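Engineer: One structure coming up, written as structure tokens, with questions to follow.
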Amino acid sequence: MKKILLLCVVAFISIGIASAQKVDNSKIQDIKYRRSSLHTILLESDRFPFKDTVVAAYYKAPFPDKYNNHDVGEKSFNPKNYGINGDTTSTNIPKIIEKYLADKKVANLMVAKWFDRAEDGTFDMNLIGERGSYNASEMQAKIASNSARGLASLADAGEELIGNTFVVVSKLNFVKNEIPAKIAWEASKIATAKISNSMLRKVAEFTAEQVYNKAREGYSVWTTSYLYKLAWNDSISSIFYNDYWMDKNSIDLAKKEKFDNTDLFSLKFIGSEKSRSLVMGSFMEQRSAERLVEIATIRTIDNVYSKLQKKYDVFKTKTPLYTGDPITAKIGLKEGLDGGDKFEVLEQTIDKEGRTKYVRKGTIKVDGKQIWDNRYLAGQEQAADSTATTSNKPNLDRTFFKGSKDFYPGMLIRQIK
């Protein structure tokens, strides 16, 4: 009975449902919880093998389902237009991206989208209300009455939603494995030549050649992604509501112009990650080759997102438990899960001030024998090698965890180190 009552509270807070009398596990996957928001951009590259296929696969890749799609316009740009003194080398990429983001005022566009900014410069709280299950009309009334400062719902929305808004800029490449393999082999020749014992030197040379012959096969899709976070805090929030906010009842052209030209909003660089997928198989038929490249590209994009989530806590996602006994969730190899990965189990609550809090109720671990293979076209094509643990039950539609039996569907889980 206690679990049912707790589930009702979570459903009311997270989904806005007035009553929840019965848990229907088949609908748990549709739970509306507060996701982070994301805008993705492709950093255009010079020509490389299968470029059109790789780029097309990038746009075809499903949007990461643990994030709200916060698309604000341009999906790609040419780094040559933003290079510093023409320098577009990899070491200069972060500066190029930051120049692009600043020139295009991407941070301003992201804030404008959060508040449904219209052509006349007016705002509303509808999107925030929808994504966070807040009362949009009530929030707008509070802003209009100049009581924005200290208002719990506005502060909560800023912390829960606006402050968890990200941009990921990705650069793709497709290379023959022959190139890096040959470099490694040449380096090994230099090293083995220094071995004085002739017998050991011959063994080392033979081993190096065998490694080279294996490594040179096929191609690799490389993805390098750069993560940025929208800067939003109490100070920025206060300035926005006091100096820029206006609705249909208080149109002010001076405020519109001030928002258009402000440098108040910015995106902070968090870090970057790289991912590679091997493309093995026959390239004799163009159609078959393009299919393999497409699958490998989409999988390496998914993999770089999982790496960013594991490395940077601010980018970590929350996922609702699908069932409590057994403990399962709708995540798997696409999210980079491996046997023994640890997650904290969170219960969402509201404190006395009306702000959302997440209380840890325990931890669980991934069952390495029951991991869902939810990668792109899993089981249909063998395009990309994976070092992740694979499930011995190919028909799984969820991942199983080991832990306490005190958890219930709808509780949120988040990976920890």
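By order in the structure tokens, chains are A, B, ...; within a chain, residues start at 1; ligands start at 1, following the order shown.
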Which neighbours of Glu186 (chain A) fall inside 12 Å, counting only C-alpha atoms, when residues of the same chain fewer than 6 positions from it are skipped, and could you give them as a list in words?
Structural biologist: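 So the residues in contact are Glu178, Ile179, Pro180, Thr192, Ala193, Glu205, Ala208, Glu209, Val211 and Tyr212 of chain A.
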Engineer: Taking only C-alpha atoms into account, produce a table as JSON lines in which each residue of region 135-228 of chain A with an atom at most 10 Å from an atom of region 32-56 of chain A appears once, together with its shortest atom pair and the distance in Å to one decimal, ordered by chain and rising number.
Structural biologist:
```
{"residue": "A:Ala157", "atom": "CA", "partner": "A:Arg34", "partner_atom": "CA", "distance": 9.9}
{"residue": "A:Glu160", "atom": "CA", "partner": "A:Arg34", "partner_atom": "CA", "distance": 7.2}
{"residue": "A:Leu161", "atom": "CA", "partner": "A:Ser36", "partner_atom": "CA", "distance": 6.3}
{"residue": "A:Ile162", "atom": "CA", "partner": "A:Ser37", "partner_atom": "CA", "distance": 8.0}
{"residue": "A:Gly163", "atom": "CA", "partner": "A:Ser36", "partner_atom": "CA", "distance": 8.5}
{"residue": "A:Asn164", "atom": "CA", "partner": "A:Ser36", "partner_atom": "CA", "distance": 5.0}
{"residue": "A:Thr165", "atom": "CA", "partner": "A:Ser37", "partner_atom": "CA", "distance": 4.6}
{"residue": "A:Phe166", "atom": "CA", "partner": "A:Leu38", "partner_atom": "CA", "distance": 4.8}
{"residue": "A:Val167", "atom": "CA", "partner": "A:His39", "partner_atom": "CA", "distance": 4.8}
{"residue": "A:Val168", "atom": "CA", "partner": "A:Thr40", "partner_atom": "CA", "distance": 5.0}
{"residue": "A:Val169", "atom": "CA", "partner": "A:Ile41", "partner_atom": "CA", "distance": 4.7}
{"residue": "A:Ser170", "atom": "CA", "partner": "A:Leu42", "partner_atom": "CA", "distance": 5.1}
{"residue": "A:Lys171", "atom": "CA", "partner": "A:Leu43", "partner_atom": "CA", "distance": 5.0}
{"residue": "A:Leu172", "atom": "CA", "partner": "A:Ser45", "partner_atom": "CA", "distance": 7.2}
{"residue": "A:Asn173", "atom": "CA", "partner": "A:Phe48", "partner_atom": "CA", "distance": 6.9}
{"residue": "A:Phe174", "atom": "CA", "partner": "A:Pro49", "partner_atom": "CA", "distance": 6.1}
{"residue": "A:Val175", "atom": "CA", "partner": "A:Pro49", "partner_atom": "CA", "distance": 7.0}
{"residue": "A:Lys176", "atom": "CA", "partner": "A:Pro49", "partner_atom": "CA", "distance": 8.5}
{"residue": "A:Tyr219", "atom": "CA", "partner": "A:Pro49", "partner_atom": "CA", "distance": 9.6}
{"residue": "A:Val221", "atom": "CA", "partner": "A:Val54", "partner_atom": "CA", "distance": 8.2}
{"residue": "A:Thr224", "atom": "CA", "partner": "A:Leu43", "partner_atom": "CA", "distance": 9.7}
{"residue": "A:Ser225", "atom": "CA", "partner": "A:Leu42", "partner_atom": "CA", "distance": 9.2}
{"residue": "A:Tyr226", "atom": "CA", "partner": "A:Ile41", "partner_atom": "CA", "distance": 9.8}
{"residue": "A:Leu227", "atom": "CA", "partner": "A:Thr40", "partner_atom": "CA", "distance": 9.6}
{"residue": "A:Tyr228", "atom": "CA", "partner": "A:Leu38", "partner_atom": "CA", "distance": 9.8}
```
Engineer: Extract, using only C-alpha atoms, all DNA, RNA and protein residues at most 8 Å from region 245-255 of chain A, discarding same-chain residues fewer than 3 positions from it, and format them as a list in words.
Structural biologist: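 What passes the distance filter is Asp120, Gly121, Thr122, Phe123, Asp124, Phe240, Tyr241, Asn242, Lys258 and Phe259 of chain A.
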Engineer: Can you tell me, as a list in words, what residues are no more than 12 Å from Gly340 (chain A) when counting only C-alpha atoms, ignoring any on the same chain fewer than 5 positions away?
Structural biologist: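 Returned residues: Thr363, Ile364, Lys365, Val366, Asp367, Gly368, Lys369, Gln370, Ile371, Ala388, Thr389, Phe400, Phe401, Lys402, Gly403, Gln415, Ile416 and Lys417 of chain A.
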Engineer: Just the selected residues (C-alpha atoms), exported as a PDB file, in the first residue's frame, please.
Structural biologist:
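The file below, again15.pdb, is the result:
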```
ATOM      1  CA  THR A 363      21.691   1.552  -5.553  1.00  0.00           C
ATOM      2  CA  ILE A 364      21.402  -1.181  -8.186  1.00  0.00           C
ATOM      3  CA  LYS A 365      23.815  -2.894 -10.581  1.00  0.00           C
ATOM      4  CA  VAL A 366      23.394  -4.015 -14.180  1.00  0.00           C
ATOM      5  CA  ASP A 367      22.946  -7.766 -14.582  1.00  0.00           C
ATOM      6  CA  GLY A 368      25.641  -8.543 -17.142  1.00  0.00           C
ATOM      7  CA  LYS A 369      23.713 -11.559 -18.435  1.00  0.00           C
ATOM      8  CA  GLN A 370      20.542  -9.624 -19.182  1.00  0.00           C
ATOM      9  CA  ILE A 371      21.422  -6.418 -21.034  1.00  0.00           C
ATOM     10  CA  ALA A 388      30.175  -3.883 -24.434  1.00  0.00           C
ATOM     11  CA  THR A 389      28.852  -7.016 -22.772  1.00  0.00           C
ATOM     12  CA  PHE A 400      17.673  -6.228 -15.711  1.00  0.00           C
ATOM     13  CA  PHE A 401      19.354  -4.985 -12.543  1.00  0.00           C
ATOM     14  CA  LYS A 402      20.371  -6.535  -9.234  1.00  0.00           C
ATOM     15  CA  GLY A 403      19.398  -4.856  -5.981  1.00  0.00           C
ATOM     16  CA  GLN A 415      24.338   6.082 -13.376  1.00  0.00           C
ATOM     17  CA  ILE A 416      27.132   6.671 -10.876  1.00  0.00           C
ATOM     18  CA  LYS A 417      30.828   5.806 -10.897  1.00  0.00           C
TER      19      LYS A 417
END
```
Engineer: Would you mind reading off the distance between CA of Gly410 (chain A) and CA of Val345 (chain A), one decimal, in Å?
Structural biologist: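 Those two atoms sit 10.3 Å apart.
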Engineer: In Å, how far is it from CA of Ile298 (chain A) to CA of Lys80 (chain A)?
Structural biologist: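 CA of Lys80 (chain A) lies 25.4 Å from CA of Ile298 (chain A).
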